[in-house]
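I have placed the structure first, in the form of structure tokens, so that the comments after it can refer back to it.
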Amino acid sequence: MMIDIDSDAPLISIADDNNEETENHLSQNANTRTDSYQDYRPSNGPRSPTGSGGRGSGGGNKESSPLLGSRHEPDNLYHPNTFPDDPRFEELMKLAEDAIEHGVFPERIYQGSSGSYFVKNNESKTIGVFKPKDEEPYGQLNPKWTKWMHKLCCPCCFGRSCLVPNQGYLSEAGASVVDMKLQLKIVPKTKVVRLSSETFNYSALDRTKARTKKNIYQKVPALGRRFNRIGLPPKVGSFQTFVNGFKDADFWLRRFDSEALPESTANQFQLLFEKLVVLDYIIRNTDRGNDNWLIKYDPASTAAPPDTPTTPGSDAIQDADQDQEWSIVNNPEINVAAIDNGLAFPYKHPDEWRAYPYHWAWLPQAKVPFSNEIKEQVLPLLSDMNFVQDLCDDLHDLFKHDKGFDYHTFEKQMSVMRGQILNLTQALKDNKSPVQLVQMPVVTVERNKMKFGRTRADSDVFTQSFAHRAPFFSWC
């Protein structure tokens with residue numbers, strides 16, 4: 001008889017650091033140039049590992065052939081979902097785990113191309129959306145047959161060549177990191193967690209092992225207690241808090257075409273839209289259509305006036321018509337939620353078949369220059385190279401826990417993000433609009449290497465370069 005002995009996996013935590021403000025700006029002289037950020041001199045160097053010219057931590061990019069991987073995933077080892085820096089999120093995870101333990105299982109979402117699930121509490125109320133790593137569009141346990149047909153019939157067009165395969169769950173959590181760093185407050189809080197449930201898609205082997213362990217524990221408790229885990233193995237994935245009252249943006253955008261918003265509400269929506277543009281452009285979201293961001297719109301309501309004395313003979317007695325005349329009308333409230341961020345953080349700009357454009361660029365709001373409010377909020381941060389480096393370090397702390405993490409690939413992802421930040425900063429300074437922003441030439445900003453004998457390490461010198469290859473189809 002074989003007995004599995006499982007060990008714990010490292011905990012992922014996301015923390016914000018204090019940033020020192022400096023004024024360092026990239027300026028464009030030619031297609032390729034070198035800039036030195038002399039003000040950025042961290043005492044202990046960047047938090048990211050530098051490596052020695054070879055692979056970074058993680059043992060190489062094992063995700064290059066995600067569908068040919070081994071059947072046993074070390075990511076599935078049990079680890080409690082503890083978040084000391086975020087007790088409210090930790091409490092939410094306890095509610096989800098307690099509900100699963102009491103038979104309230106997550107419900108599969110049948111839309112989309114991956115295995116994703118509505119997670120509920122004990123009252124069967126949806127509290128989050130869980131997207132397991134191994135059930136992503138090209139994961140080996142994806143339950144959607146359309147992707148199986150895609151793999152079988154069209155392997156040459158398998159996936160998006162600019163993205164690292166099977167890292168959608170990190171992209172979801174990474175978008176939340178960027179949102180929190182910039183205080184955009186449009187991405188529902190998302191973190192990497194581990195959950196197990198009978199409704200998840202497991203292999204026949206995992207289900208057989210779980211049943212066998214359970215039977216052994218029931219019949220021979222002394223032997224069953226030697227197992228570290230009795231049930232199904234937990235799956236690693238992204239958990240995003242659920243937002244109530246929102247609908248697909250496409251629904252409300254069609255309504256707004258025929259029903260004009262009040263001026264104050266329109267200004268509020270414009271600012272929220274610009275926050276979405278800032279987020280998508282920085283993370284280079286390759287899948288932002290009008291069906292995967294949400295709008296919550298509460299129409300204007302009439303509030304009753306305060307109670308007044310109505311004693312007999314009092315002059316304060318008013319009839320219904322006068323009450324209606326003095327009623328208070330509240331302006332409509334509008335909010336935006338940026339969900340479905342799993343296809344972002346590419347390691348190169350799209351340059352093959354498809355361009356993966358931002359579909360919000362065709363909206364009328366994209367033709368309006370960026371407002372002073374968004375400039376005052378993000379421009380001082382994005383112009384500070386200490387802040388940009390700190391953002392890269394926070395993303396590294398998140399991404400490095402993936403079993404297929406490769407430091408050189410991660411640095412390419414950050415090079416694309418730095419280039420996006422450079423373009424966005426320039427567009428804000430030049431008073432451009434979102435549609436003018438997406439028309440700017442794409443650029444990457446790569447960190448140079450320094451040699452110390454036979455050792456190569458990261459330097460604080462960056463090289464800016466422009467992409468010269470465009471996708472075959474620029475409209476899709």
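We name chains A, B, ... following the order of the structure tokens; residues begin at 1 in each chain, and ligands are numbered from 1 as shown.
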
query: Can you tell me, as a ChimeraX atom specification, what residues are no more than 9 Å from Arg160 of chain A when counting only C-alpha atoms, ignoring any on the same chain fewer than 5 positions away?
result: /A:165,343,350,354

Spatial neighbours of Asp298 of chain A, 9 Å, only C-alpha atoms, chain gap at least 4 places, as a short mmCIF file (atom, residue, chain, number, x, y, z; two decimals) with N, CA, C and O atoms, in the first residue's frame:
```cif
data_model
loop_
_atom_site.label_atom_id
_atom_site.label_comp_id
_atom_site.auth_asym_id
_atom_site.auth_seq_id
_atom_site.Cartn_x
_atom_site.Cartn_y
_atom_site.Cartn_z
N ASN A 331 -28.42 62.31 -7.31
CA ASN A 331 -27.85 62.04 -8.62
C ASN A 331 -27.59 60.55 -8.79
O ASN A 331 -27.33 59.84 -7.81
N PRO A 332 -27.63 60.05 -10.02
CA PRO A 332 -27.32 58.63 -10.25
C PRO A 332 -25.89 58.31 -9.82
O PRO A 332 -24.98 59.14 -9.95
N GLU A 333 -25.70 57.10 -9.32
CA GLU A 333 -24.38 56.62 -8.91
C GLU A 333 -23.88 55.61 -9.94
O GLU A 333 -24.65 54.77 -10.41
N ILE A 334 -22.60 55.68 -10.24
CA ILE A 334 -22.02 54.77 -11.22
C ILE A 334 -20.67 54.28 -10.72
O ILE A 334 -19.92 55.03 -10.10
#
```

message: Excluding Ala210 of chain A and its own-chain neighbours fewer than 5 positions away, which residues fall within 7 Å of it when counting only C-alpha atoms? Please give them as a list in words.
response: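 The residues satisfying every condition are Ile230, Gly231 and Leu232 of chain A.
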
Save the residues we just selected, all heavy atoms, as a tab-separated table (two decimals), in the first residue's frame?
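selection_15.tsv written:
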```tsv
chain	number	residue	atom	x	y	z
A	230	ILE	N	-6.58	13.77	3.58
A	230	ILE	CA	-7.52	12.70	3.30
A	230	ILE	C	-8.30	12.98	2.02
A	230	ILE	O	-8.49	12.10	1.19
A	230	ILE	CB	-8.49	12.51	4.49
A	230	ILE	CG1	-7.72	12.14	5.75
A	230	ILE	CG2	-9.52	11.43	4.17
A	230	ILE	CD1	-6.95	10.83	5.65
A	231	GLY	N	-8.76	14.19	1.84
A	231	GLY	CA	-9.61	14.52	0.69
A	231	GLY	C	-8.84	14.81	-0.58
A	231	GLY	O	-7.66	14.45	-0.74
A	232	LEU	N	-9.51	15.47	-1.50
A	232	LEU	CA	-8.91	15.84	-2.78
A	232	LEU	C	-7.82	16.89	-2.56
A	232	LEU	O	-7.91	17.71	-1.64
A	232	LEU	CB	-9.99	16.38	-3.72
A	232	LEU	CG	-11.01	15.37	-4.21
A	232	LEU	CD1	-12.22	16.08	-4.81
A	232	LEU	CD2	-10.39	14.42	-5.24
```

- prompt: Got a sec: who's within 7 Å of Trp293 of chain A, counting only C-alpha atoms, leaving out chain neighbours fewer than 6 positions off, as a VMD selection string?
  reply: chain A and resid 248 to 249 337 to 339
